[in-house]
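Source file: data-v5.cif; contents: mmCIF, C-alpha atoms.
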```cif
data_entry
#
loop_
_atom_site.label_atom_id
_atom_site.label_comp_id
_atom_site.auth_asym_id
_atom_site.auth_seq_id
_atom_site.Cartn_x
_atom_site.Cartn_y
_atom_site.Cartn_z
CA MET A 1 0.00 0.00 0.00
CA PRO A 2 1.39 3.45 -0.87
CA LEU A 3 2.02 5.79 2.04
CA THR A 4 -0.44 8.65 2.50
CA GLN A 5 1.21 12.02 2.90
CA THR A 6 -0.20 13.71 5.99
CA ARG A 7 2.29 16.51 6.60
CA GLU A 8 0.81 19.90 5.76
CA ILE A 9 2.32 21.83 2.84
CA THR A 10 2.78 25.31 4.25
CA ALA A 11 3.17 28.58 2.38
CA ALA A 12 6.41 30.55 2.58
CA THR A 13 6.70 32.54 5.80
CA ARG A 14 7.60 35.68 3.85
CA LEU A 15 3.96 35.80 2.68
CA GLU A 16 2.64 36.36 6.21
CA ASN A 17 2.75 40.12 5.79
CA VAL A 18 1.22 40.19 2.30
CA ARG A 19 -2.11 42.01 2.45
CA TYR A 20 -4.31 43.49 -0.24
CA ALA A 21 -7.06 45.28 1.63
CA ILE A 22 -8.90 46.37 -1.52
CA ARG A 23 -9.83 42.81 -2.47
CA ASP A 24 -9.61 41.14 0.95
CA LEU A 25 -12.92 42.85 1.86
CA ALA A 26 -14.69 41.03 -0.96
CA VAL A 27 -15.34 38.07 1.35
CA ILE A 28 -17.58 40.22 3.57
CA ALA A 29 -19.31 41.74 0.56
CA ASP A 30 -20.03 38.25 -0.80
CA GLN A 31 -21.79 37.40 2.46
CA VAL A 32 -24.01 40.45 2.09
CA ILE A 33 -24.75 39.68 -1.57
CA ALA A 34 -25.60 36.06 -0.69
CA LYS A 35 -28.40 37.42 1.54
CA GLY A 36 -29.93 39.20 -1.43
CA HIS A 37 -28.58 42.69 -0.88
CA LYS A 38 -26.93 44.90 -3.49
CA VAL A 39 -23.57 46.32 -2.45
CA LEU A 40 -22.61 49.84 -3.56
CA PRO A 41 -18.97 49.46 -4.62
CA LEU A 42 -16.75 52.43 -3.74
CA ASN A 43 -13.72 50.21 -3.26
CA VAL A 44 -12.13 49.23 -6.59
CA GLY A 45 -10.51 51.67 -9.02
CA ASP A 46 -11.84 50.03 -12.18
CA PRO A 47 -13.49 52.64 -14.43
CA ASN A 48 -14.98 49.98 -16.69
CA ILE A 49 -17.45 48.70 -14.11
CA PHE A 50 -19.00 52.17 -14.08
CA ASP A 51 -19.97 54.54 -16.91
CA PHE A 52 -16.54 54.71 -18.56
CA GLN A 53 -15.63 52.86 -21.75
CA THR A 54 -12.34 52.02 -23.42
CA PRO A 55 -11.92 54.29 -26.49
CA ALA A 56 -13.21 52.45 -29.56
CA HIS A 57 -10.13 53.15 -31.70
CA LEU A 58 -7.94 51.35 -29.15
CA ILE A 59 -10.20 48.30 -29.19
CA GLU A 60 -10.06 48.28 -32.99
CA ALA A 61 -6.25 48.48 -32.91
CA VAL A 62 -6.05 45.39 -30.70
CA HIS A 63 -8.65 43.58 -32.82
CA ARG A 64 -6.67 44.39 -35.97
CA ALA A 65 -3.46 43.12 -34.37
CA MET A 66 -5.15 39.85 -33.48
CA ARG A 67 -6.52 39.47 -37.03
CA ASP A 68 -3.05 40.22 -38.37
CA GLY A 69 -1.58 37.32 -36.42
CA LYS A 70 0.07 39.24 -33.56
CA ASN A 71 -0.85 36.43 -31.19
CA GLY A 72 2.50 34.82 -30.48
CA TYR A 73 5.22 35.99 -28.12
CA ALA A 74 6.29 39.62 -28.37
CA PRO A 75 9.89 40.81 -27.94
CA SER A 76 10.72 40.70 -24.23
CA ALA A 77 11.02 44.49 -23.91
CA GLY A 78 7.98 45.20 -26.09
CA VAL A 79 7.14 45.75 -29.74
CA PRO A 80 9.15 48.56 -31.42
CA GLU A 81 6.01 50.55 -32.31
CA ALA A 82 4.94 50.73 -28.65
CA LEU A 83 8.43 51.51 -27.37
CA GLU A 84 8.83 54.35 -29.86
CA ALA A 85 5.45 55.81 -28.82
CA ILE A 86 6.35 55.66 -25.13
CA ARG A 87 9.64 57.43 -25.83
CA GLY A 88 7.72 60.10 -27.70
CA GLU A 89 5.36 60.54 -24.76
CA ALA A 90 8.36 60.80 -22.41
CA ALA A 91 9.80 63.57 -24.57
CA ARG A 92 6.50 65.45 -24.58
CA ARG A 93 6.47 65.28 -20.79
CA GLY A 94 9.95 66.82 -20.64
CA MET A 95 12.06 63.73 -19.96
CA THR A 96 15.42 64.44 -21.59
CA SER A 97 17.64 61.63 -20.26
CA VAL A 98 15.67 58.48 -21.13
CA GLN A 99 17.96 55.45 -21.25
CA ASP A 100 15.50 52.60 -21.60
CA VAL A 101 11.81 51.78 -22.07
CA PHE A 102 10.07 48.44 -21.65
CA VAL A 103 6.50 47.14 -21.69
CA THR A 104 5.02 44.93 -18.97
CA ALA A 105 1.83 43.11 -18.02
CA GLY A 106 0.36 46.13 -16.29
CA ALA A 107 2.27 48.71 -14.28
CA SER A 108 2.15 46.23 -11.39
CA GLU A 109 4.51 43.88 -13.25
CA SER A 110 6.81 46.86 -13.83
CA VAL A 111 6.85 47.51 -10.09
CA ASP A 112 7.58 43.85 -9.32
CA ILE A 113 10.38 43.54 -11.89
CA CYS A 114 12.00 46.89 -11.07
CA LEU A 115 12.03 46.33 -7.30
CA THR A 116 13.23 42.75 -7.67
CA SER A 117 16.06 43.92 -9.94
CA LEU A 118 17.28 46.40 -7.33
CA LEU A 119 16.95 44.99 -3.85
CA ASN A 120 19.18 42.52 -2.03
CA PRO A 121 18.40 40.89 1.33
CA GLY A 122 18.90 43.49 4.05
CA ASP A 123 18.28 46.46 1.74
CA ASP A 124 15.35 48.79 2.25
CA LEU A 125 13.22 51.05 0.11
CA LEU A 126 11.36 54.15 1.27
CA THR A 127 7.66 53.90 0.48
CA PRO A 128 4.94 56.46 1.22
CA CYS A 129 2.46 56.08 4.05
CA PRO A 130 -0.33 55.85 3.02
CA ASP A 131 0.51 53.98 -0.18
CA TYR A 132 -0.90 51.58 -2.72
CA PRO A 133 -0.52 48.10 -1.15
CA LEU A 134 1.20 46.57 -4.19
CA TYR A 135 4.51 47.99 -2.97
CA SER A 136 4.36 46.42 0.48
CA ALA A 137 3.21 43.13 -1.09
CA VAL A 138 6.21 43.00 -3.44
CA LEU A 139 8.60 43.91 -0.62
CA SER A 140 7.13 41.18 1.57
CA LYS A 141 7.58 38.68 -1.24
CA LEU A 142 11.23 39.72 -1.48
CA GLY A 143 11.71 39.46 2.28
CA ILE A 144 12.36 43.21 2.58
CA GLY A 145 11.02 45.01 5.66
CA LEU A 146 8.93 48.15 5.26
CA ASN A 147 10.54 51.55 5.69
CA THR A 148 7.77 54.11 5.26
CA TYR A 149 7.74 57.90 5.16
CA TYR A 150 4.64 59.89 6.00
CA LEU A 151 2.49 62.03 3.77
CA ASN A 152 1.32 65.15 5.59
CA GLU A 153 -2.47 65.42 5.71
CA ALA A 154 -2.23 69.01 6.96
CA ASP A 155 -0.20 69.89 3.84
CA ALA A 156 -2.58 68.39 1.24
CA TRP A 157 -0.89 64.98 1.66
CA GLN A 158 2.51 66.17 0.41
CA PRO A 159 5.50 64.01 1.40
CA GLU A 160 7.11 64.95 4.72
CA LEU A 161 10.67 65.77 3.67
CA GLU A 162 12.12 65.65 7.16
CA ASP A 163 10.60 62.23 7.71
CA ILE A 164 12.19 61.00 4.47
CA LYS A 165 15.57 62.26 5.65
CA ARG A 166 15.15 60.59 9.06
CA LYS A 167 14.24 57.25 7.52
CA ILE A 168 17.25 56.94 5.20
CA THR A 169 19.69 54.27 6.36
CA PRO A 170 22.99 52.95 4.94
CA ARG A 171 20.93 50.17 3.28
CA THR A 172 18.34 52.43 1.67
CA ARG A 173 18.43 52.00 -2.11
CA GLY A 174 15.57 54.16 -3.32
CA ILE A 175 12.38 56.17 -2.79
CA VAL A 176 8.91 55.34 -4.10
CA LEU A 177 6.74 58.30 -5.11
CA ILE A 178 3.10 57.82 -6.17
CA ASN A 179 2.07 60.96 -8.03
CA PRO A 180 -0.90 61.46 -8.37
CA ASN A 181 -1.29 59.49 -5.21
CA ASN A 182 -3.38 56.44 -4.52
CA PRO A 183 -5.15 56.51 -2.02
CA THR A 184 -5.22 60.26 -1.26
CA GLY A 185 -5.53 61.85 -4.72
CA SER A 186 -2.74 64.30 -3.86
CA VAL A 187 -0.38 65.74 -6.48
CA CYS A 188 3.19 66.83 -5.77
CA SER A 189 4.24 70.40 -6.48
CA ARG A 190 7.35 71.07 -8.58
CA ASN A 191 9.09 72.41 -5.50
CA MET A 192 8.38 69.16 -3.66
CA LEU A 193 9.71 67.09 -6.55
CA GLU A 194 12.88 69.18 -6.66
CA GLN A 195 13.49 68.67 -2.95
CA ILE A 196 12.94 64.91 -3.15
CA ALA A 197 15.31 64.78 -6.12
CA GLU A 198 17.97 66.60 -4.09
CA ILE A 199 17.65 64.03 -1.30
CA ALA A 200 18.13 61.27 -3.89
CA ARG A 201 21.25 63.01 -5.24
CA GLN A 202 22.79 63.37 -1.80
CA HIS A 203 22.23 59.72 -0.89
CA ASN A 204 22.76 58.06 -4.29
CA LEU A 205 19.18 56.76 -4.44
CA ILE A 206 16.96 55.75 -7.33
CA ILE A 207 13.42 57.15 -7.46
CA PHE A 208 10.48 54.99 -8.53
CA SER A 209 7.85 57.47 -9.71
CA ASP A 210 4.43 55.88 -10.16
CA GLU A 211 2.60 58.23 -12.54
CA ILE A 212 -0.14 55.89 -13.76
CA TYR A 213 -2.81 58.62 -13.21
CA ASP A 214 -0.83 61.47 -14.78
CA LYS A 215 -3.60 62.50 -17.25
CA LEU A 216 -6.44 62.35 -14.71
CA MET A 217 -5.95 65.83 -13.27
CA LEU A 218 -9.06 67.37 -11.73
CA ASP A 219 -8.29 71.08 -11.55
CA GLY A 220 -6.92 71.72 -15.03
CA ASP A 221 -3.27 71.76 -14.02
CA GLU A 222 -0.48 69.47 -15.19
CA CYS A 223 1.12 66.48 -13.52
CA ILE A 224 4.83 67.22 -13.52
CA SER A 225 7.07 64.21 -14.05
CA MET A 226 9.91 63.61 -11.61
CA ALA A 227 12.15 62.57 -14.51
CA ALA A 228 11.59 65.96 -16.16
CA VAL A 229 12.48 67.82 -12.98
CA ALA A 230 15.65 65.81 -12.30
CA PRO A 231 17.19 64.45 -15.53
CA ASP A 232 20.46 63.60 -13.77
CA VAL A 233 18.84 61.47 -11.04
CA PRO A 234 18.12 57.77 -11.70
CA VAL A 235 14.34 57.60 -12.08
CA VAL A 236 12.02 54.78 -13.12
CA THR A 237 8.67 56.20 -14.23
CA PHE A 238 5.74 53.78 -14.20
CA GLY A 239 2.90 54.32 -16.66
CA GLY A 240 0.27 52.40 -18.59
CA ILE A 241 -3.10 52.47 -20.32
CA SER A 242 -5.24 51.06 -17.53
CA LYS A 243 -6.40 54.34 -15.97
CA ASN A 244 -5.78 57.13 -18.49
CA TYR A 245 -7.12 55.03 -21.36
CA LEU A 246 -9.73 53.04 -19.42
CA ALA A 247 -8.40 49.55 -20.17
CA PRO A 248 -7.30 48.02 -16.84
CA GLY A 249 -8.14 44.47 -17.91
CA TRP A 250 -5.67 44.57 -20.78
CA ARG A 251 -2.82 44.51 -18.27
CA LEU A 252 -0.51 46.75 -20.24
CA GLY A 253 1.98 49.04 -18.54
CA TRP A 254 5.51 50.29 -18.99
CA SER A 255 8.59 51.70 -17.34
CA ILE A 256 10.81 54.54 -18.48
CA VAL A 257 14.33 54.52 -17.02
CA SER A 258 16.13 57.87 -17.02
CA GLY A 259 19.30 59.37 -15.57
CA GLU A 260 22.96 59.34 -16.44
CA ALA A 261 23.66 56.46 -18.85
CA ALA A 262 26.68 55.04 -17.00
CA THR A 263 24.83 55.18 -13.68
CA VAL A 264 21.75 53.21 -14.70
CA LYS A 265 23.28 50.77 -17.22
CA PRO A 266 24.04 47.94 -14.73
CA TYR A 267 20.54 48.22 -13.30
CA ILE A 268 18.95 48.16 -16.76
CA ASN A 269 20.92 45.01 -17.60
CA GLY A 270 19.47 43.36 -14.50
CA VAL A 271 15.95 44.39 -15.42
CA HIS A 272 16.28 42.85 -18.86
CA LYS A 273 17.33 39.51 -17.38
CA LEU A 274 13.93 39.36 -15.68
CA LEU A 275 12.11 40.64 -18.77
CA ARG A 276 13.62 37.81 -20.82
CA SER A 277 12.85 35.21 -18.17
CA ARG A 278 9.10 35.94 -18.26
CA LEU A 279 9.08 35.98 -22.12
CA SER A 280 6.84 38.98 -22.90
CA ALA A 281 3.89 41.15 -22.01
CA ASN A 282 0.53 40.76 -23.78
CA HIS A 283 1.26 41.01 -27.49
CA PRO A 284 -1.78 42.33 -29.42
CA GLU A 285 -2.63 44.92 -26.76
CA GLN A 286 0.73 46.60 -27.38
CA TYR A 287 -0.52 47.79 -30.77
CA ALA A 288 -2.92 50.12 -28.96
CA VAL A 289 -0.10 52.07 -27.30
CA LYS A 290 0.80 54.22 -30.30
CA LEU A 291 -2.83 55.17 -30.94
CA ALA A 292 -3.38 55.83 -27.24
CA LEU A 293 -0.41 58.14 -26.81
CA GLU A 294 -0.37 59.79 -30.24
CA GLY A 295 -4.05 59.67 -31.22
CA SER A 296 -7.11 61.54 -30.03
CA GLN A 297 -7.22 62.43 -26.35
CA ASP A 298 -10.83 63.66 -26.54
CA HIS A 299 -12.11 61.00 -24.14
CA LEU A 300 -10.04 62.60 -21.37
CA ILE A 301 -12.12 65.79 -21.53
CA GLU A 302 -15.28 63.91 -20.60
CA VAL A 303 -13.52 61.61 -18.14
CA CYS A 304 -12.03 64.51 -16.20
CA ARG A 305 -15.34 66.41 -16.32
CA LYS A 306 -17.13 63.47 -14.75
CA LEU A 307 -14.43 62.93 -12.17
CA ARG A 308 -14.34 66.61 -11.23
CA SER A 309 -18.09 66.67 -10.64
CA ARG A 310 -17.96 63.46 -8.62
CA ARG A 311 -14.99 64.72 -6.62
CA ASP A 312 -16.92 67.88 -5.74
CA ILE A 313 -19.95 65.89 -4.54
CA THR A 314 -17.64 63.67 -2.52
CA MET A 315 -15.95 66.63 -0.84
CA LYS A 316 -19.25 68.32 -0.02
CA ARG A 317 -20.59 65.22 1.66
CA CYS A 318 -17.40 64.06 3.40
CA ASN A 319 -16.92 67.45 5.00
CA SER A 320 -20.54 67.70 6.15
CA ILE A 321 -21.00 64.26 7.75
CA PRO A 322 -20.25 64.24 11.51
CA HIS A 323 -16.93 62.70 12.59
CA MET A 324 -15.51 63.02 9.05
CA SER A 325 -13.29 65.43 7.14
CA CYS A 326 -11.41 65.16 3.87
CA VAL A 327 -8.59 66.88 1.97
CA SER A 328 -9.71 67.56 -1.60
CA PRO A 329 -7.96 65.31 -4.14
CA ARG A 330 -6.37 66.95 -7.20
CA GLY A 331 -5.75 63.86 -9.31
CA ALA A 332 -6.92 60.28 -9.94
CA PHE A 333 -10.34 59.22 -8.55
CA TYR A 334 -9.75 58.57 -4.87
CA ALA A 335 -10.58 60.43 -1.67
CA TYR A 336 -9.17 59.57 1.74
CA PRO A 337 -11.50 60.90 4.46
CA ARG A 338 -10.38 61.10 8.07
CA LEU A 339 -12.53 59.54 10.80
CA ASP A 340 -12.88 60.92 14.31
CA ILE A 341 -14.29 57.82 16.03
CA ALA A 342 -13.31 55.52 18.90
CA GLU A 343 -13.39 52.32 16.85
CA GLU A 344 -10.70 51.22 14.43
CA ASP A 345 -11.30 52.12 10.80
CA GLU A 346 -11.35 48.44 9.82
CA VAL A 347 -14.34 47.94 12.15
CA PHE A 348 -16.01 51.00 10.60
CA VAL A 349 -15.58 49.60 7.09
CA LYS A 350 -16.75 46.07 7.89
CA GLU A 351 -19.84 47.27 9.76
CA LEU A 352 -20.64 49.71 6.96
CA ILE A 353 -20.73 46.81 4.49
CA LEU A 354 -22.79 44.60 6.79
CA GLN A 355 -25.28 47.25 7.88
CA LYS A 356 -25.58 49.67 4.96
CA HIS A 357 -24.13 47.61 2.08
CA VAL A 358 -21.61 50.26 1.07
CA MET A 359 -18.10 49.06 0.35
CA VAL A 360 -15.07 51.27 0.99
CA VAL A 361 -11.53 50.35 2.10
CA HIS A 362 -10.09 50.96 5.57
CA GLY A 363 -7.17 53.34 5.86
CA SER A 364 -5.12 50.86 7.85
CA GLY A 365 -5.00 48.78 4.65
CA PHE A 366 -2.95 51.56 3.03
CA GLY A 367 -1.04 52.77 6.07
CA GLN A 368 -1.51 55.91 8.12
CA LYS A 369 0.04 57.77 11.01
CA PRO A 370 -0.42 56.06 14.38
CA GLY A 371 -3.60 57.24 16.06
CA SER A 372 -5.26 58.41 12.85
CA LYS A 373 -8.13 56.64 11.10
CA HIS A 374 -9.23 56.92 7.49
CA PHE A 375 -10.98 55.12 4.69
CA ARG A 376 -10.61 55.28 0.92
CA ILE A 377 -13.46 56.18 -1.41
CA VAL A 378 -13.40 55.49 -5.15
CA PHE A 379 -15.61 58.20 -6.65
CA LEU A 380 -15.97 56.61 -10.08
CA PRO A 381 -19.72 55.80 -9.80
CA ASP A 382 -22.33 58.16 -11.24
CA GLU A 383 -23.69 61.00 -9.13
CA ALA A 384 -26.91 59.17 -8.20
CA THR A 385 -24.98 56.14 -6.95
CA LEU A 386 -22.56 58.31 -5.01
CA THR A 387 -25.40 60.27 -3.42
CA LYS A 388 -27.11 57.06 -2.36
CA ALA A 389 -23.86 55.75 -0.91
CA TYR A 390 -23.11 58.98 0.97
CA ASP A 391 -26.65 59.06 2.36
CA ALA A 392 -26.07 55.56 3.71
CA ILE A 393 -22.68 56.49 5.17
CA GLU A 394 -24.17 59.54 6.89
CA GLU A 395 -27.01 57.48 8.30
CA PHE A 396 -24.53 54.87 9.55
CA VAL A 397 -22.28 57.49 11.22
CA ARG A 398 -25.20 59.25 12.92
CA GLU A 399 -26.67 55.98 14.19
CA ARG A 400 -23.40 54.50 15.40
CA TYR A 401 -21.37 57.43 16.66
CA SER A 402 -23.69 60.35 17.53
#
```
Have the structure of the file written as structure tokens, please.
Amino acid sequence: MPLTQTREITAATRLENVRYAIRDLAVIADQVIAKGHKVLPLNVGDPNIFDFQTPAHLIEAVHRAMRDGKNGYAPSAGVPEALEAIRGEAARRGMTSVQDVFVTAGASESVDICLTSLLNPGDDLLTPCPDYPLYSAVLSKLGIGLNTYYLNEADAWQPELEDIKRKITPRTRGIVLINPNNPTGSVCSRNMLEQIAEIARQHNLIIFSDEIYDKLMLDGDECISMAAVAPDVPVVTFGGISKNYLAPGWRLGWSIVSGEAATVKPYINGVHKLLRSRLSANHPEQYAVKLALEGSQDHLIEVCRKLRSRRDITMKRCNSIPHMSCVSPRGAFYAYPRLDIAEEDEVFVKELILQKHVMVVHGSGFGQKPGSKHFRIVFLPDEATLTKAYDAIEEFVRERYS
């Protein structure tokens, strides 16, 4: 008789700290849905589940590529047409020292590859607090402890420069900047970018600048690229079509590496080892990049109009509900209200789903200063849905905390 294996196969211990609060809450929502209730989703930043559609000419470009047989493996770094278009976009944004461009399966794969190519055991990387949880998940996977710097809520969620300086250690290799920021919707000023760049110069650090929302600006101003401000500093700029071009399911992103050629060459060589090892990003979708970046941008006018209106409704309600206040976001489609309650924000969020069937994400899932409590709102839904959700949140707050 063959032996029966009874010893449990355990997961790697380095995964113990991997959390993804945005989707982890889905289990609670499923319980509510199973009881016949409809959940109002203000938790996931996917424009396509609301009243936003991928531009038709991009869909046609991908369809044409599929018909033309572009269904095998692509070059590991990306198809030349896409790479040329990304370089052109970098030039338009003022990046003058681009050394390399490569295409990935979403900006999240760019983050994973670029961090993995840099960090050795014992190194650390400065990440913002609050931040998008992908960064902490990748660092946990690599066995790298978190080293976070605070964003200052009293200063429109700008990075706290003195905190960055305090957190730098002999093993710090770089700084992550999310601009526009997820989850706060903040946008860095040029002066702030210049000061962060100077810190990177002084400490020989690379900057990872996540600019995936760079065209979703809500007040008519421009998102300034870190690479344009500091052409001499090693910068990896993350971008993609998921948010600006309303195609998150295509999983198509890119990285732009800039800085002095001799400085970044060894790092770029390491990145390409990983690019080759995973073969390629999605092939036919890459033929939409040129049309996206060089074609009509008319959809952005309507997208930003909708987002601006929905941001304004969100601010009006968040700053009128008891025990809540919120800094107005300037980019992307997120708001990060502050809670003045005795309970933890995770309790607030879970009870809100169970009692009022509104789904938001707790601030502790993104990180926050000790003693503070927040939650993240995605204000992508239409005005009627948002109003219904905010009515439910106000009712919940008044019933539970007043």
At a cut-off of 7 Å, can you tabulate as CSV every residue of stretch 89-194 of chain A near stretch 322-338 of chain A together with its closest atom pair and the distance in Å to one decimal, using all atoms listed in the file and ordering rows by chain then number?
```
residue,atom,partner,partner_atom,distance
A:Ala156,CA,A:Val327,CA,6.2
A:Pro180,CA,A:Gly331,CA,5.5
A:Asn182,CA,A:Tyr334,CA,6.7
A:Pro183,CA,A:Tyr334,CA,5.8
A:Thr184,CA,A:Tyr336,CA,5.0
A:Gly185,CA,A:Pro329,CA,4.3
A:Ser186,CA,A:Pro329,CA,5.3
A:Val187,CA,A:Arg330,CA,6.2
```
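Residues captured in this structure file are Leu118, Leu119, Gly122, Asp123, Asp124, Leu125, Leu126, Thr127, Asn147, Thr148, Tyr149, Glu162, Asp163, Ile164, Lys165, Val176, Leu177, Ala200, Asn204, Leu205, Ile206, Ile207 and Phe208 of chain A, according to the PyMOL selection byres ((chain A and resi 166-175) around 8).
The spacing separating atom CA of A:Val360 from atom CA of A:Asp30 amounts to 14.0 Å.
For the residues A:Leu307, A:Val229, A:Val397, A:Val18, ranking by smallest atom-to-atom distance to A:Lys141 using all atoms listed in the file places A:Val18 first.
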*What is the distance, in Å and to one decimal place, between atom CA of A:His362 and atom CA of A:His374?*
6.3 Å
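Between atom CA of A:Trp250 and atom CA of A:Ser117 the interatomic distance comes to 24.3 Å.
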*Carefully work through the PyMOL selection byres ((chain A and resi 249) around 12) for this structure and note down the residues it includes, as an MDAnalysis selection string.*
chainID A and resid 45:49 53:54 105:107 240:243 245:248 250:253 282 285
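Ranking A:Thr104, A:Glu60, A:Gly69, A:Ile9 by their shortest atom-to-atom distance to A:His272, with all atoms listed in the file included, puts A:Thr104 first.
The shortest atom-to-atom distance to A:Lys290, with all atoms listed in the file taken into account, belongs to A:Ala82 out of A:Ala65, A:Leu380, A:Met95, A:Ala82.
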_Result set of the PyMOL selection byres ((chain A and resi 99) around 7) on the coordinates above, as JSON, numbers by chain_ = {"A": [97, 98, 100, 257, 258, 261]}
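Between A:Pro266 and the residues A:Asp391, A:Ile28, A:Pro234, A:Pro80, the shortest atom-to-atom distance, using only C-alpha atoms, involves A:Pro234.
Closest to A:Asp112 among A:Gln195, A:Ser255, A:Thr96, A:Gln297 is A:Ser255, based on only C-alpha atoms.
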_With distances taken over all atoms listed in the file, which residue among A:Leu339, A:Leu218, A:Ala197, A:Val289 lies nearest A:His57?_
A:Val289
If I put a ball of radius 10 Å at (-16.1, 51.1, 8.2) in the file's coordinates, which residues poke into it when counting all atoms listed in the file, written as a compact mmCIF listing (two decimals) with C-alpha atoms, keeping the file's coordinate frame?
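Output file result.txt is given in full below:
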```txt
# COMPACT_ATOMS: atom_id res chain seq x y z
CA LEU A 339 -12.53 59.54 10.80
CA GLU A 343 -13.39 52.32 16.85
CA GLU A 344 -10.70 51.22 14.43
CA ASP A 345 -11.30 52.12 10.80
CA GLU A 346 -11.35 48.44 9.82
CA VAL A 347 -14.34 47.94 12.15
CA PHE A 348 -16.01 51.00 10.60
CA VAL A 349 -15.58 49.60 7.09
CA LYS A 350 -16.75 46.07 7.89
CA GLU A 351 -19.84 47.27 9.76
CA LEU A 352 -20.64 49.71 6.96
CA ILE A 353 -20.73 46.81 4.49
CA LEU A 354 -22.79 44.60 6.79
CA GLN A 355 -25.28 47.25 7.88
CA VAL A 358 -21.61 50.26 1.07
CA MET A 359 -18.10 49.06 0.35
CA VAL A 360 -15.07 51.27 0.99
CA VAL A 361 -11.53 50.35 2.10
CA HIS A 362 -10.09 50.96 5.57
CA GLY A 363 -7.17 53.34 5.86
CA HIS A 374 -9.23 56.92 7.49
CA PHE A 375 -10.98 55.12 4.69
CA ILE A 393 -22.68 56.49 5.17
CA PHE A 396 -24.53 54.87 9.55
CA VAL A 397 -22.28 57.49 11.22
```
What are the centre and edge lengths in Å, to one decimal, of the axis-aligned box around all listed atoms of stretch 253-263 of chain A with 3 Å added on each side, as lines of an AutoDock Vina configuration file?
```
center_x = 14.3
center_y = 54.2
center_z = -16.3
size_x = 30.7
size_y = 16.3
size_z = 11.3
```
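Residues lying within 10 Å of A:Glu222, counting all atoms listed in the file and ignoring same-chain neighbours fewer than 3 positions away, are Arg93, Val187, Ser189, Asp214, Lys215, Leu216, Met217, Leu218, Asp219, Ser225 and Gly331 of chain A.
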Residue selection dump (C-alpha atoms) as a compact mmCIF listing (two decimals), keeping the file's coordinate frame:
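Printed below is selection.txt as written:
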```txt
# COMPACT_ATOMS: atom_id res chain seq x y z
CA ARG A 93 6.47 65.28 -20.79
CA VAL A 187 -0.38 65.74 -6.48
CA SER A 189 4.24 70.40 -6.48
CA ASP A 214 -0.83 61.47 -14.78
CA LYS A 215 -3.60 62.50 -17.25
CA LEU A 216 -6.44 62.35 -14.71
CA MET A 217 -5.95 65.83 -13.27
CA LEU A 218 -9.06 67.37 -11.73
CA ASP A 219 -8.29 71.08 -11.55
CA SER A 225 7.07 64.21 -14.05
CA GLY A 331 -5.75 63.86 -9.31
```
